[in-house]
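Worksheet: one structure, shown below.
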Amino acid sequence: KINIMNRSGLPGVGAKAKLVLEAKGYQVSELQADFSSPQTKTVVVYSEDYQTLALDISAELNNALISLNDAKSEKENTITIFLGADMDI
């Protein structure tokens, strides 16, 4: 499951990222925007067993930073992409 959260401060960046990933065969489950706290850098946050997929997605998104989410939560998200202002698609 891949989720995208647009925190770039720029409307439409999330939709563009979703289209880019889907064109490469990835399935994006959820697309949201949160402009209340914009961030500069794009970060791909992944669950423990999805490091390889996170690295592949990072490569598609201008070598975005990656981070392991080791918190156990009720929602089993495999990957969440937090888009930052550096996302130039």
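So you can find residues: chains in the structure tokens are A, B, ... in the order shown, residues in each start at 1, and ligands are numbered from 1 in order.
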
Close residues, Asp56 of chain A itself excluded, 12 Å, only C-alpha atoms, min 6 positions apart in chain, as a list of chain:residue names | A:Leu21, A:Lys24, A:Gly25, A:Tyr26, A:Val44, A:Tyr46, A:Tyr50, A:Asn62, A:Asn63, A:Ala64, A:Leu65, A:Ile66, A:Ile79

Go through segment 13-88 of chain A and collect every residue that DSSP, computed from the backbone, puts in strand (DSSP E or B); the answer should be as a PyMOL selection string.
-> chain A and resi 28-33+43-46+65-68+79-83

Generate the output file for the selected residues, N, CA and C atoms, as a compact mmCIF listing (two decimals), in the first residue's frame.
# COMPACT_ATOMS: atom_id res chain seq x y z
N VAL A 28 -1.04 3.47 -6.09
CA VAL A 28 -1.16 4.44 -5.00
C VAL A 28 -2.56 4.32 -4.41
N SER A 29 -2.62 4.05 -3.12
CA SER A 29 -3.91 3.82 -2.44
C SER A 29 -4.59 5.10 -2.01
N GLU A 30 -3.80 6.08 -1.59
CA GLU A 30 -4.38 7.29 -1.00
C GLU A 30 -3.54 8.51 -1.36
N LEU A 31 -4.24 9.61 -1.62
CA LEU A 31 -3.58 10.87 -1.93
C LEU A 31 -4.22 11.95 -1.07
N GLN A 32 -3.39 12.64 -0.27
CA GLN A 32 -3.89 13.71 0.60
C GLN A 32 -2.96 14.90 0.52
N ALA A 33 -3.44 16.03 0.99
CA ALA A 33 -2.62 17.24 1.07
C ALA A 33 -2.73 17.82 2.47
N VAL A 43 10.30 12.86 1.66
CA VAL A 43 10.76 11.70 2.42
C VAL A 43 9.83 10.51 2.14
N VAL A 44 10.43 9.36 1.84
CA VAL A 44 9.69 8.12 1.65
C VAL A 44 9.84 7.32 2.94
N VAL A 45 8.74 7.15 3.67
CA VAL A 45 8.75 6.43 4.95
C VAL A 45 8.18 5.03 4.69
N TYR A 46 8.93 4.01 5.12
CA TYR A 46 8.53 2.65 4.79
C TYR A 46 8.48 1.75 6.03
N LEU A 65 14.75 11.30 0.13
CA LEU A 65 15.22 10.68 1.37
C LEU A 65 14.32 9.50 1.71
N ILE A 66 14.88 8.49 2.39
CA ILE A 66 14.04 7.40 2.89
C ILE A 66 14.24 7.25 4.39
N SER A 67 13.20 6.76 5.06
CA SER A 67 13.24 6.60 6.51
C SER A 67 12.41 5.40 6.91
N LEU A 68 12.95 4.58 7.81
CA LEU A 68 12.23 3.43 8.32
C LEU A 68 11.24 3.87 9.39
N ILE A 79 4.14 2.03 2.66
CA ILE A 79 4.96 3.19 2.32
C ILE A 79 4.09 4.45 2.32
N THR A 80 4.60 5.50 2.95
CA THR A 80 3.98 6.81 2.86
C THR A 80 5.02 7.78 2.33
N ILE A 81 4.64 8.51 1.30
CA ILE A 81 5.54 9.50 0.69
C ILE A 81 5.07 10.88 1.13
N PHE A 82 5.94 11.59 1.83
CA PHE A 82 5.66 12.97 2.23
C PHE A 82 6.38 13.88 1.24
N LEU A 83 5.60 14.48 0.35
CA LEU A 83 6.19 15.32 -0.69
C LEU A 83 6.56 16.68 -0.13

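Pairwise distance (atom CA of Gln27 of chain A, atom CA of Thr40 of chain A) equals 25.0 Å.
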
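Here atom CA of Arg7 of chain A stands at a distance of 14.6 Å from atom CA of Leu61 of chain A.
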
Would you give me, as an MDAnalysis selection string, the residues in chain A that DSSP reads as alpha helix (DSSP H)?
-> chainID A and resid 13:23 51:60

For the selection you just gave me, I'd like the residues written to a file as a short mmCIF file (atom, residue, chain, number, x, y, z; two decimals), in the first residue's frame, keeping C-alpha atoms.
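Resulting contents of part_38.cif:
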data_model
loop_
_atom_site.label_atom_id
_atom_site.label_comp_id
_atom_site.auth_asym_id
_atom_site.auth_seq_id
_atom_site.Cartn_x
_atom_site.Cartn_y
_atom_site.Cartn_z
CA VAL A 13 2.26 18.13 -6.86
CA GLY A 14 0.69 15.09 -5.19
CA ALA A 15 -1.46 14.31 -8.22
CA LYS A 16 1.57 14.57 -10.50
CA ALA A 17 3.60 12.26 -8.27
CA LYS A 18 0.71 9.78 -8.24
CA LEU A 19 0.56 9.79 -12.06
CA VAL A 20 4.34 9.32 -12.34
CA LEU A 21 4.31 6.36 -9.96
CA GLU A 22 1.24 4.76 -11.52
CA ALA A 23 2.81 5.07 -14.98
CA GLN A 51 13.08 -1.18 2.06
CA THR A 52 13.71 -2.32 -1.53
CA LEU A 53 10.41 -0.89 -2.72
CA ALA A 54 11.12 2.36 -0.86
CA LEU A 55 14.50 2.63 -2.59
CA ASP A 56 12.88 2.05 -5.98
CA ILE A 57 10.25 4.72 -5.32
CA SER A 58 12.92 7.11 -4.06
CA ALA A 59 14.77 6.70 -7.36
CA GLU A 60 11.57 7.60 -9.26
#
